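Everything below belongs to target-v4.cif, which stores mmCIF, C-alpha atoms.
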data_upload
loop_
_atom_site.label_atom_id
_atom_site.label_comp_id
_atom_site.auth_asym_id
_atom_site.auth_seq_id
_atom_site.Cartn_x
_atom_site.Cartn_y
_atom_site.Cartn_z
CA MET A 1 11.44 -22.44 13.57
CA THR A 2 10.83 -21.93 17.28
CA GLN A 3 8.20 -19.76 18.90
CA THR A 4 10.84 -17.33 20.15
CA GLN A 5 11.87 -16.64 16.57
CA ILE A 6 8.36 -15.48 15.60
CA ASP A 7 7.56 -11.87 16.54
CA LEU A 8 3.95 -11.91 17.73
CA PRO A 9 2.22 -10.24 20.71
CA GLU A 10 2.80 -11.93 24.04
CA PHE A 11 -0.91 -12.00 24.85
CA PHE A 12 -1.61 -13.81 21.58
CA GLN A 13 1.07 -16.41 22.30
CA GLN A 14 -0.32 -16.91 25.79
CA LYS A 15 -3.88 -17.44 24.54
CA ILE A 16 -3.03 -19.99 21.86
CA ALA A 17 -0.81 -21.87 24.33
CA GLU A 18 -3.80 -22.09 26.68
CA GLN A 19 -6.29 -23.21 24.05
CA TYR A 20 -4.29 -25.42 21.68
CA ALA A 21 -1.89 -28.34 21.93
CA THR A 22 1.78 -27.49 21.53
CA ASP A 23 2.04 -28.70 17.93
CA GLN A 24 -1.14 -26.84 16.93
CA ALA A 25 0.06 -23.65 18.64
CA GLN A 26 3.33 -23.88 16.73
CA LEU A 27 1.48 -24.25 13.41
CA ILE A 28 -0.62 -21.19 14.26
CA MET A 29 2.51 -19.20 15.02
CA GLU A 30 4.12 -20.27 11.76
CA GLY A 31 0.90 -19.50 9.87
CA SER A 32 0.82 -15.91 11.17
CA VAL A 33 2.99 -14.81 8.27
CA PRO A 34 4.03 -11.23 7.46
CA ALA A 35 2.15 -11.35 4.14
CA ARG A 36 -0.35 -13.91 2.84
CA MET A 37 -0.89 -14.84 -0.77
CA VAL A 38 -3.27 -12.62 -2.69
CA SER A 39 -6.70 -14.02 -3.54
CA LEU A 40 -9.75 -12.70 -5.33
CA ARG A 41 -13.15 -13.75 -6.60
CA ALA A 42 -14.93 -13.18 -9.86
CA ASN A 43 -17.92 -10.88 -9.39
CA ALA A 44 -20.76 -12.84 -10.96
CA LEU A 45 -22.90 -9.68 -11.12
CA LYS A 46 -20.61 -8.32 -13.83
CA ALA A 47 -18.42 -11.12 -15.19
CA ASP A 48 -18.05 -14.88 -15.22
CA ARG A 49 -15.03 -16.71 -13.85
CA GLU A 50 -13.69 -17.55 -17.32
CA GLU A 51 -13.46 -13.87 -18.25
CA ILE A 52 -11.42 -13.23 -15.10
CA ALA A 53 -9.19 -16.24 -15.84
CA ALA A 54 -8.60 -14.91 -19.34
CA GLN A 55 -7.58 -11.45 -18.05
CA LEU A 56 -5.18 -12.99 -15.53
CA ASP A 57 -3.67 -15.13 -18.29
CA GLU A 58 -3.31 -12.13 -20.59
CA ALA A 59 -1.55 -10.19 -17.83
CA GLY A 60 0.81 -13.10 -17.19
CA ILE A 61 -0.50 -13.60 -13.66
CA ALA A 62 -0.41 -17.25 -12.63
CA PHE A 63 -3.39 -18.43 -10.61
CA GLU A 64 -4.87 -21.45 -8.89
CA ARG A 65 -8.56 -22.41 -8.68
CA LEU A 66 -10.22 -23.66 -5.51
CA SER A 67 -12.36 -26.81 -5.42
CA TRP A 68 -14.72 -25.38 -2.78
CA TYR A 69 -15.57 -22.18 -4.69
CA GLU A 70 -15.50 -21.93 -8.48
CA ASP A 71 -15.36 -18.12 -8.48
CA ALA A 72 -12.27 -17.98 -6.23
CA PHE A 73 -8.73 -17.47 -7.49
CA LEU A 74 -5.44 -17.68 -5.61
CA VAL A 75 -2.59 -15.72 -7.20
CA PRO A 76 0.47 -16.97 -5.30
CA GLN A 77 3.13 -14.83 -6.95
CA ALA A 78 1.23 -11.59 -7.55
CA ARG A 79 0.93 -8.47 -5.44
CA GLU A 80 -2.30 -6.52 -5.02
CA ASN A 81 -1.02 -3.61 -7.13
CA GLN A 82 -0.74 -5.98 -10.10
CA ILE A 83 -4.44 -6.80 -9.72
CA TRP A 84 -5.31 -3.09 -9.42
CA SER A 85 -3.95 -2.53 -12.93
CA LEU A 86 -6.38 -5.00 -14.52
CA ASP A 87 -9.41 -3.68 -16.40
CA ALA A 88 -11.52 -6.26 -14.58
CA TYR A 89 -10.55 -4.71 -11.25
CA LYS A 90 -11.21 -1.16 -12.44
CA GLU A 91 -14.62 -2.20 -13.76
CA GLY A 92 -15.66 -4.05 -10.59
CA LYS A 93 -15.62 -7.43 -12.28
CA LEU A 94 -13.44 -8.92 -9.55
CA TYR A 95 -13.02 -8.31 -5.83
CA LEU A 96 -9.85 -8.75 -3.80
CA GLN A 97 -10.85 -10.86 -0.82
CA SER A 98 -9.16 -13.35 1.47
CA LEU A 99 -10.10 -16.97 0.87
CA SER A 100 -11.31 -17.49 4.44
CA SER A 101 -13.65 -14.51 4.29
CA MET A 102 -15.40 -16.00 1.25
CA ILE A 103 -16.64 -18.94 3.32
CA PRO A 104 -19.46 -17.30 5.37
CA ALA A 105 -21.51 -16.18 2.34
CA LEU A 106 -21.17 -19.63 0.78
CA VAL A 107 -22.35 -21.23 4.01
CA MET A 108 -25.36 -18.89 4.08
CA GLU A 109 -26.44 -19.86 0.52
CA PRO A 110 -28.37 -16.64 -0.28
CA LYS A 111 -31.29 -17.13 -2.67
CA ALA A 112 -33.37 -14.84 -4.85
CA GLY A 113 -36.27 -13.22 -3.03
CA GLU A 114 -34.90 -13.79 0.48
CA ASP A 115 -34.76 -10.98 3.04
CA ILE A 116 -31.14 -10.91 4.23
CA LEU A 117 -29.44 -8.79 6.89
CA ASP A 118 -25.70 -8.13 6.96
CA MET A 119 -25.22 -6.76 10.48
CA CYS A 120 -21.58 -5.60 10.13
CA ALA A 121 -21.34 -4.95 6.41
CA ALA A 122 -18.46 -2.54 5.67
CA PRO A 123 -16.40 -2.57 3.55
CA GLY A 124 -18.79 -4.83 1.64
CA GLY A 125 -16.87 -7.91 0.51
CA LYS A 126 -19.33 -10.40 1.94
CA THR A 127 -22.31 -8.18 1.12
CA THR A 128 -21.44 -8.02 -2.57
CA GLN A 129 -20.63 -11.74 -2.55
CA MET A 130 -24.10 -12.53 -1.15
CA ALA A 131 -25.65 -10.31 -3.82
CA ALA A 132 -23.71 -12.17 -6.51
CA LEU A 133 -24.59 -15.61 -5.13
CA SER A 134 -28.28 -14.69 -5.21
CA GLY A 135 -28.04 -13.46 -8.80
CA GLY A 136 -28.63 -9.93 -7.56
CA SER A 137 -32.16 -10.89 -6.56
CA ALA A 138 -32.01 -11.17 -2.76
CA HIS A 139 -33.32 -8.27 -0.67
CA ILE A 140 -30.20 -7.39 1.32
CA THR A 141 -30.03 -4.81 4.11
CA ALA A 142 -26.47 -3.83 4.97
CA CYS A 143 -25.86 -2.18 8.34
CA GLU A 144 -22.91 0.04 9.16
CA MET A 145 -22.98 2.52 12.03
CA ASN A 146 -19.79 4.44 11.16
CA GLY A 147 -20.28 7.25 8.63
CA PRO A 148 -17.02 6.97 6.63
CA ARG A 149 -17.25 3.17 6.63
CA ALA A 150 -20.85 3.40 5.40
CA GLU A 151 -19.67 5.59 2.52
CA LYS A 152 -16.96 3.05 1.66
CA LEU A 153 -19.64 0.36 1.73
CA ARG A 154 -21.85 2.32 -0.68
CA TYR A 155 -18.87 2.88 -2.99
CA ASN A 156 -18.06 -0.85 -3.14
CA LEU A 157 -21.70 -1.82 -3.66
CA ASP A 158 -21.93 0.59 -6.59
CA ARG A 159 -18.58 -0.52 -8.03
CA GLN A 160 -19.59 -4.18 -7.84
CA GLY A 161 -23.05 -3.57 -9.31
CA ALA A 162 -24.88 -4.72 -6.16
CA ASN A 163 -27.74 -2.33 -6.84
CA GLY A 164 -30.36 -4.22 -4.84
CA VAL A 165 -28.63 -3.71 -1.48
CA SER A 166 -30.05 -1.14 0.95
CA VAL A 167 -27.53 0.51 3.26
CA MET A 168 -28.72 1.37 6.74
CA GLN A 169 -26.38 3.62 8.71
CA GLU A 170 -27.36 2.19 12.06
CA ASP A 171 -25.95 0.20 14.96
CA ALA A 172 -27.29 -3.27 14.19
CA ARG A 173 -27.47 -4.03 17.91
CA ARG A 174 -30.27 -1.45 18.16
CA LEU A 175 -32.45 -2.56 15.26
CA SER A 176 -36.16 -2.65 16.02
CA GLU A 177 -37.78 -6.03 16.65
CA PHE A 178 -40.21 -4.91 13.95
CA PHE A 179 -37.67 -6.25 11.43
CA ARG A 180 -37.49 -9.95 10.56
CA PHE A 181 -35.13 -11.71 8.16
CA ASP A 182 -34.84 -15.07 6.41
CA LYS A 183 -31.06 -15.02 6.72
CA ILE A 184 -28.61 -13.00 8.78
CA LEU A 185 -24.85 -12.65 8.56
CA ILE A 186 -22.88 -11.50 11.61
CA ASP A 187 -19.26 -11.06 10.61
CA ALA A 188 -18.51 -9.76 14.06
CA PRO A 189 -15.85 -7.31 15.21
CA CYS A 190 -13.09 -9.35 16.82
CA THR A 191 -9.49 -9.34 17.98
CA GLY A 192 -8.30 -10.42 14.54
CA SER A 193 -6.24 -13.19 16.10
CA GLY A 194 -6.55 -15.15 12.85
CA THR A 195 -5.11 -12.33 10.76
CA LEU A 196 -2.15 -11.27 12.89
CA ARG A 197 1.07 -10.76 10.96
CA ALA A 198 4.39 -11.59 12.53
CA GLY A 199 6.67 -8.59 12.84
CA ASP A 200 3.83 -6.03 12.82
CA PRO A 201 4.88 -3.45 15.48
CA LYS A 202 1.32 -2.10 15.83
CA ALA A 203 0.01 -5.53 16.81
CA HIS A 204 1.87 -5.50 20.13
CA LYS A 205 0.08 -2.31 21.26
CA ARG A 206 -3.31 -3.26 19.88
CA PHE A 207 -3.53 -6.89 20.91
CA THR A 208 -4.41 -6.80 24.61
CA PRO A 209 -6.85 -8.32 27.14
CA ALA A 210 -8.78 -5.03 26.95
CA LEU A 211 -9.36 -5.53 23.22
CA LEU A 212 -10.65 -9.05 23.80
CA ALA A 213 -13.04 -7.83 26.51
CA LYS A 214 -14.34 -5.03 24.28
CA VAL A 215 -15.06 -7.17 21.22
CA ARG A 216 -16.64 -9.95 23.27
CA LYS A 217 -19.20 -7.45 24.57
CA SER A 218 -20.08 -6.41 21.00
CA GLN A 219 -20.25 -10.02 19.85
CA ARG A 220 -22.68 -10.96 22.63
CA ALA A 221 -25.00 -8.07 21.76
CA LEU A 222 -24.89 -8.77 18.02
CA LEU A 223 -25.66 -12.46 18.47
CA ALA A 224 -28.54 -11.72 20.83
CA LYS A 225 -30.08 -9.25 18.39
CA GLY A 226 -29.46 -11.47 15.35
CA LEU A 227 -31.16 -14.47 16.92
CA GLU A 228 -34.08 -12.23 17.87
CA LEU A 229 -34.53 -10.88 14.32
CA LEU A 230 -34.26 -14.28 12.62
CA LYS A 231 -37.50 -15.72 11.25
CA PRO A 232 -38.51 -19.27 12.20
CA GLY A 233 -37.02 -21.51 9.53
CA GLY A 234 -34.27 -18.95 8.93
CA THR A 235 -30.47 -19.21 9.00
CA LEU A 236 -27.90 -17.11 10.84
CA VAL A 237 -24.20 -17.33 10.01
CA TYR A 238 -21.79 -16.09 12.68
CA SER A 239 -18.16 -15.54 11.73
CA THR A 240 -15.01 -13.91 13.05
CA CYS A 241 -11.42 -13.65 11.86
CA SER A 242 -10.37 -15.00 15.26
CA ILE A 243 -9.23 -18.41 16.45
CA PHE A 244 -10.03 -17.80 20.15
CA SER A 245 -12.82 -19.92 21.64
CA GLU A 246 -14.02 -16.97 23.78
CA GLU A 247 -14.99 -15.13 20.60
CA ASN A 248 -16.28 -18.14 18.73
CA GLU A 249 -17.85 -21.33 20.02
CA LYS A 250 -18.23 -20.04 23.58
CA GLN A 251 -20.08 -16.98 22.32
CA VAL A 252 -22.40 -19.14 20.22
CA GLU A 253 -23.11 -21.55 23.07
CA ALA A 254 -23.91 -18.73 25.50
CA ALA A 255 -26.10 -16.94 22.94
CA LEU A 256 -28.11 -20.07 22.13
CA GLN A 257 -28.67 -20.77 25.81
CA ALA A 258 -29.93 -17.22 26.39
CA ALA A 259 -32.10 -17.30 23.25
CA SER A 260 -33.84 -20.54 24.24
CA LYS A 261 -36.50 -18.36 25.88
CA MET A 262 -37.36 -16.87 22.46
CA GLY A 263 -37.39 -20.00 20.36
CA SER A 264 -35.64 -23.18 19.30
CA TYR A 265 -32.22 -22.91 17.62
CA GLN A 266 -29.73 -25.47 16.37
CA VAL A 267 -26.17 -25.41 15.03
CA LYS A 268 -26.15 -26.96 11.56
CA PRO A 269 -23.08 -28.72 10.09
CA ILE A 270 -21.16 -26.71 7.53
CA LYS A 271 -21.11 -28.51 4.22
CA LEU A 272 -19.02 -27.25 1.33
CA PRO A 273 -17.56 -29.24 -1.55
CA GLY A 274 -13.83 -29.41 -0.93
CA LEU A 275 -14.17 -28.40 2.73
CA SER A 276 -11.57 -31.01 3.67
CA GLU A 277 -9.00 -29.08 1.60
CA ILE A 278 -9.32 -26.03 3.87
CA PRO A 279 -6.80 -26.26 6.76
CA GLN A 280 -8.69 -26.49 10.04
CA LEU A 281 -8.07 -26.35 13.76
CA PRO A 282 -10.03 -28.53 16.19
CA CYS A 283 -13.37 -26.93 17.09
CA PRO A 284 -15.28 -28.19 20.15
CA LEU A 285 -18.61 -26.97 18.72
CA ASP A 286 -19.93 -29.76 16.54
CA GLY A 287 -20.72 -28.51 13.03
CA ALA A 288 -18.73 -25.26 13.22
CA VAL A 289 -15.39 -24.71 11.46
CA THR A 290 -12.22 -22.98 12.64
CA VAL A 291 -9.84 -22.27 9.75
CA MET A 292 -6.15 -22.43 10.61
CA PRO A 293 -3.97 -19.46 9.62
CA THR A 294 -1.50 -20.36 6.87
CA MET A 295 0.28 -18.69 3.99
CA ARG A 296 -2.95 -19.07 1.97
CA TYR A 297 -5.70 -18.76 4.58
CA GLU A 298 -6.47 -16.36 7.40
CA GLY A 299 -7.57 -17.85 10.68
CA PHE A 300 -11.37 -17.77 10.71
CA PHE A 301 -14.42 -19.15 12.53
CA VAL A 302 -17.74 -19.92 10.85
CA CYS A 303 -20.92 -21.27 12.44
CA LYS A 304 -24.36 -21.86 10.89
CA ILE A 305 -27.41 -21.59 13.14
CA ALA A 306 -30.98 -22.48 12.18
CA ARG A 307 -34.08 -21.17 13.97
CA LEU A 308 -36.47 -24.08 14.17
CA GLY A 309 -39.36 -22.26 15.80
#
Give the structure from this file in structure tokens form.
Amino acid sequence: MTQTQIDLPEFFQQKIAEQYATDQAQLIMEGSVPARMVSLRANALKADREEIAAQLDEAGIAFERLSWYEDAFLVPQARENQIWSLDAYKEGKLYLQSLSSMIPALVMEPKAGEDILDMCAAPGGKTTQMAALSGGSAHITACEMNGPRAEKLRYNLDRQGANGVSVMQEDARRLSEFFRFDKILIDAPCTGSGTLRAGDPKAHKRFTPALLAKVRKSQRALLAKGLELLKPGGTLVYSTCSIFSEENEKQVEAALQAASKMGSYQVKPIKLPGLSEIPQLPCPLDGAVTVMPTMRYEGFFVCKIARLG
């Protein structure tokens, strides 16, 4: 398959050609498939993974388990509407979520009693996952500035049984310095270059240099505020569903340089069991991970930052 046979925005093709070697760029193009495999996770607040496996078996839905996350399921031959019909879905015992987007919460390792901020929380997939990983006992503040999206967030939190999460309808970039958190997640607005689907006619109009400039401005402000609100000894996880260095490692490097006046920060290596099984692109920032888009995975960037003092 040649690049000319893959219908993707010209600006996207130009950017990956600039950033990646020819063979890597071709793999990215081929991984930008029209439809990825469906994946989901068991919601540990309401059900264990074996109950979800049993319901999938009963419904005749074949699944695969992932070595890096025991609650994750890949259902290669199913469509989302088949999952919607399951009692476990209707009861909030499972959550449809891309495999790549499950990584940031795992990297954060939320614990009971911690004060956690989710700066860009809607629709709530990572928020509810963090609640589940903490046994429902972390103190999570979920920010969403948009009214309808905040309502969707509240709906998903209630459906998933994440009762300990406080929703703040606020622009996280404007949070008072009065607040301080043990852990912060910034799943930043981005171009979505890791989630592009070949043949999507809307992508050609949406995916422009203007979009990249707009999201980079938001990313800079979110990172600056997040690093400010992080307690000494705390952890910040920055993620995007982009594979562009301007949105990822370059943003982190610039933010850490600017924040050096406030304190001491350090990128920490991402360590997950089975991490080597996740397809990755080369990442110049030591310790960070850039997931390669494939039939199974969305393109994604994840970086873990510790505040030392």
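Here atom CA of A:Thr141 is placed at a distance of 18.6 Å from atom CA of A:Met102.
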**Prompt:** What does the PyMOL selection byres ((chain A and resi 64-67) around 12) select in this file, as an MDAnalysis selection string?
**Reply:** chainID A and resid 37:42 49:50 52:53 56:57 61:63 68:78 99:100 102:103 272:278 296
Generate the output file for the selected residues, C-alpha atoms, as a compact mmCIF listing (two decimals), in the frame of the given file.
# COMPACT_ATOMS: atom_id res chain seq x y z
CA MET A 37 -0.89 -14.84 -0.77
CA VAL A 38 -3.27 -12.62 -2.69
CA SER A 39 -6.70 -14.02 -3.54
CA LEU A 40 -9.75 -12.70 -5.33
CA ARG A 41 -13.15 -13.75 -6.60
CA ALA A 42 -14.93 -13.18 -9.86
CA ARG A 49 -15.03 -16.71 -13.85
CA GLU A 50 -13.69 -17.55 -17.32
CA ILE A 52 -11.42 -13.23 -15.10
CA ALA A 53 -9.19 -16.24 -15.84
CA LEU A 56 -5.18 -12.99 -15.53
CA ASP A 57 -3.67 -15.13 -18.29
CA ILE A 61 -0.50 -13.60 -13.66
CA ALA A 62 -0.41 -17.25 -12.63
CA PHE A 63 -3.39 -18.43 -10.61
CA TRP A 68 -14.72 -25.38 -2.78
CA TYR A 69 -15.57 -22.18 -4.69
CA GLU A 70 -15.50 -21.93 -8.48
CA ASP A 71 -15.36 -18.12 -8.48
CA ALA A 72 -12.27 -17.98 -6.23
CA PHE A 73 -8.73 -17.47 -7.49
CA LEU A 74 -5.44 -17.68 -5.61
CA VAL A 75 -2.59 -15.72 -7.20
CA PRO A 76 0.47 -16.97 -5.30
CA GLN A 77 3.13 -14.83 -6.95
CA ALA A 78 1.23 -11.59 -7.55
CA LEU A 99 -10.10 -16.97 0.87
CA SER A 100 -11.31 -17.49 4.44
CA MET A 102 -15.40 -16.00 1.25
CA ILE A 103 -16.64 -18.94 3.32
CA LEU A 272 -19.02 -27.25 1.33
CA PRO A 273 -17.56 -29.24 -1.55
CA GLY A 274 -13.83 -29.41 -0.93
CA LEU A 275 -14.17 -28.40 2.73
CA SER A 276 -11.57 -31.01 3.67
CA GLU A 277 -9.00 -29.08 1.60
CA ILE A 278 -9.32 -26.03 3.87
CA ARG A 296 -2.95 -19.07 1.97
**Prompt:** Can you list, as a ChimeraX atom specification, the residues that the PyMOL selection byres ((chain A and resi 27) around 10) selects here?
**Reply:** /A:3,22-26,28-32,281,292-294
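In this structure, atom CA of A:Arg197 sits 4.6 Å away from atom CA of A:Pro34.
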With the cut-off set at 12 Å and counting all atoms listed in the file, tabulate each residue of stretch 42-83 of chain A with an atom at most that distance from an atom of stretch 142-166 of chain A, showing the nearest atom pair and its distance in Å to one decimal, ordered by chain and increasing number, as CSV.
residue,atom,partner,partner_atom,distance
A:Ala42,CA,A:Gln160,CA,10.3
A:Asn43,CA,A:Gln160,CA,7.1
A:Ala44,CA,A:Gln160,CA,9.3
A:Leu45,CA,A:Gly161,CA,6.4
A:Lys46,CA,A:Gly161,CA,7.0
A:Ala47,CA,A:Gln160,CA,10.2
Given the PyMOL selection byres ((chain A and resi 202-208) around 10) and the file above, list the residues it selects as a PDB file with C-alpha atoms, keeping the file's coordinate frame.
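Just written: part10.pdb:
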ATOM      1  CA  ASP A   7       7.560 -11.870  16.540  1.00  0.00           C
ATOM      2  CA  LEU A   8       3.950 -11.910  17.730  1.00  0.00           C
ATOM      3  CA  PRO A   9       2.220 -10.240  20.710  1.00  0.00           C
ATOM      4  CA  GLU A  10       2.800 -11.930  24.040  1.00  0.00           C
ATOM      5  CA  PHE A  11      -0.910 -12.000  24.850  1.00  0.00           C
ATOM      6  CA  PHE A  12      -1.610 -13.810  21.580  1.00  0.00           C
ATOM      7  CA  THR A 191      -9.490  -9.340  17.980  1.00  0.00           C
ATOM      8  CA  GLY A 192      -8.300 -10.420  14.540  1.00  0.00           C
ATOM      9  CA  SER A 193      -6.240 -13.190  16.100  1.00  0.00           C
ATOM     10  CA  LEU A 196      -2.150 -11.270  12.890  1.00  0.00           C
ATOM     11  CA  ARG A 197       1.070 -10.760  10.960  1.00  0.00           C
ATOM     12  CA  ALA A 198       4.390 -11.590  12.530  1.00  0.00           C
ATOM     13  CA  GLY A 199       6.670  -8.590  12.840  1.00  0.00           C
ATOM     14  CA  ASP A 200       3.830  -6.030  12.820  1.00  0.00           C
ATOM     15  CA  PRO A 201       4.880  -3.450  15.480  1.00  0.00           C
ATOM     16  CA  PRO A 209      -6.850  -8.320  27.140  1.00  0.00           C
ATOM     17  CA  ALA A 210      -8.780  -5.030  26.950  1.00  0.00           C
ATOM     18  CA  LEU A 211      -9.360  -5.530  23.220  1.00  0.00           C
ATOM     19  CA  LEU A 212     -10.650  -9.050  23.800  1.00  0.00           C
ATOM     20  CA  ALA A 213     -13.040  -7.830  26.510  1.00  0.00           C
TER      21      ALA A 213
END
Using all atoms listed in the file, which residues of stretch 124-202 of chain A come within 6 Å of stretch 223-235 of chain A, and what is the closest atom pair for each, with the distance in Å to one decimal? Give it as a Markdown table, sorted by chain and residue number.
| residue | atom | partner | partner_atom | distance |
| --- | --- | --- | --- | --- |
| A:Arg173 | CA | A:Lys225 | CA | 5.9 |
| A:Arg180 | CA | A:Leu229 | CA | 4.9 |
| A:Phe181 | CA | A:Leu230 | CA | 5.2 |
| A:Asp182 | CA | A:Gly234 | CA | 4.7 |
| A:Lys183 | CA | A:Thr235 | CA | 4.8 |
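Counting from atom CA of A:Ala17, the distance to atom CA of A:Thr195 is 17.1 Å.
Comparing the minimum interatomic distances between A:Glu58 and each of A:Glu91, A:Leu86, A:Ala35, A:Gly287, counting all atoms listed in the file, we find that A:Leu86 sits nearest.
You can rank A:Pro189, A:Gly124, A:Pro282, A:Gly136 by their closest distance to A:Cys241 using all atoms listed in the file, and at the top of that list sits A:Pro189.
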Would you list the contacts of stretch 267-269 of chain A as a short mmCIF file (atom, residue, chain, number, x, y, z; two decimals) with C-alpha atoms, in the coordinates of the input, taking every protein, DNA or RNA residue within 8 Å and counting all atoms listed in the file, but skipping same-chain residues closer than 6 positions in sequence?
data_model
loop_
_atom_site.label_atom_id
_atom_site.label_comp_id
_atom_site.auth_asym_id
_atom_site.auth_seq_id
_atom_site.Cartn_x
_atom_site.Cartn_y
_atom_site.Cartn_z
CA ASP A 286 -19.93 -29.76 16.54
CA GLY A 287 -20.72 -28.51 13.03
CA ALA A 288 -18.73 -25.26 13.22
CA CYS A 303 -20.92 -21.27 12.44
CA LYS A 304 -24.36 -21.86 10.89
CA ILE A 305 -27.41 -21.59 13.14
CA ALA A 306 -30.98 -22.48 12.18
#
Could you give me the axis-aligned bounding box of stretch 202-208 of chain A, with 6 Å of padding per side, as centre plus edge lengths in Å to one decimal, as lines of an AutoDock Vina configuration file?
center_x = -1.3
center_y = -4.5
center_z = 20.2
size_x = 18.3
size_y = 16.8
size_z = 20.8
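Remark: for A:Ala172, the closest of the candidate residues A:Thr240, A:Gln13, A:Gln219, A:Gln266 is A:Gln219 (distances computed over all atoms listed in the file).
Counting all atoms listed in the file and comparing A:Asp115, A:Asp187, A:Leu106, A:Cys120, the residue that lies closest to A:Leu133 is A:Leu106.
Compared by their closest atoms to A:Tyr238, and using all atoms listed in the file, the residues A:Ile270, A:Gln280, A:Ser264, A:Glu51 rank with A:Ile270 nearest.
When all atoms listed in the file are used to compute distances to A:Asp48, the closest of the residues A:Ala132, A:Ile186, A:Met295, A:Ala21 turns out to be A:Ala132.
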Pick out the residues sitting within 8 Å of A:Lys126, and hand them over as a PDB file with C-alpha atoms, keeping the file's coordinate frame; count all atoms listed in the file, and ignore anything fewer than 6 positions along from it in its own chain.
ATOM      1  CA  SER A 101     -13.650 -14.510   4.290  1.00  0.00           C
ATOM      2  CA  MET A 102     -15.400 -16.000   1.250  1.00  0.00           C
ATOM      3  CA  PRO A 104     -19.460 -17.300   5.370  1.00  0.00           C
ATOM      4  CA  ALA A 105     -21.510 -16.180   2.340  1.00  0.00           C
TER       5      ALA A 105
END
For the structure just given, write the atoms of stretch 31-42 of chain A, namely N, CA and C atoms, as a JSON list (two decimals), in the first residue's frame.
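The resulting selection.json:
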[["chain", "number", "residue", "atom", "x", "y", "z"],
["A", 31, "GLY", "N", -1.59, 2.70, 9.76],
["A", 31, "GLY", "CA", -2.26, 2.51, 11.05],
["A", 31, "GLY", "C", -3.42, 3.46, 11.27],
["A", 32, "SER", "N", -3.58, 4.45, 10.39],
["A", 32, "SER", "CA", -4.70, 5.40, 10.49],
["A", 32, "SER", "C", -5.90, 4.80, 9.76],
["A", 33, "VAL", "N", -6.42, 3.74, 10.35],
["A", 33, "VAL", "CA", -7.44, 2.92, 9.69],
["A", 33, "VAL", "C", -8.83, 3.55, 9.82],
["A", 34, "PRO", "N", -9.74, 3.22, 8.90],
["A", 34, "PRO", "CA", -11.10, 3.77, 8.98],
["A", 34, "PRO", "C", -11.83, 3.41, 10.27],
["A", 35, "ALA", "N", -11.57, 2.22, 10.81],
["A", 35, "ALA", "CA", -12.23, 1.81, 12.07],
["A", 35, "ALA", "C", -11.30, 0.89, 12.84],
["A", 36, "ARG", "N", -11.03, 1.25, 14.10],
["A", 36, "ARG", "CA", -10.17, 0.41, 14.94],
["A", 36, "ARG", "C", -11.02, -0.63, 15.68],
["A", 37, "MET", "N", -10.32, -1.64, 16.17],
["A", 37, "MET", "CA", -11.00, -2.67, 16.95],
["A", 37, "MET", "C", -11.58, -2.06, 18.22],
["A", 38, "VAL", "N", -12.70, -2.61, 18.65],
["A", 38, "VAL", "CA", -13.36, -2.13, 19.86],
["A", 38, "VAL", "C", -12.63, -2.68, 21.09],
["A", 39, "SER", "N", -12.51, -1.83, 22.10],
["A", 39, "SER", "CA", -11.91, -2.26, 23.36],
["A", 39, "SER", "C", -12.71, -1.68, 24.52],
["A", 40, "LEU", "N", -12.57, -2.28, 25.67],
["A", 40, "LEU", "CA", -13.31, -1.85, 26.85],
["A", 40, "LEU", "C", -12.53, -2.25, 28.10],
["A", 41, "ARG", "N", -12.97, -1.71, 29.22],
["A", 41, "ARG", "CA", -12.36, -2.13, 30.49],
["A", 41, "ARG", "C", -13.47, -2.45, 31.49],
["A", 42, "ALA", "N", -13.17, -3.41, 32.34],
["A", 42, "ALA", "CA", -14.07, -3.71, 33.44],
["A", 42, "ALA", "C", -14.02, -2.56, 34.43]]
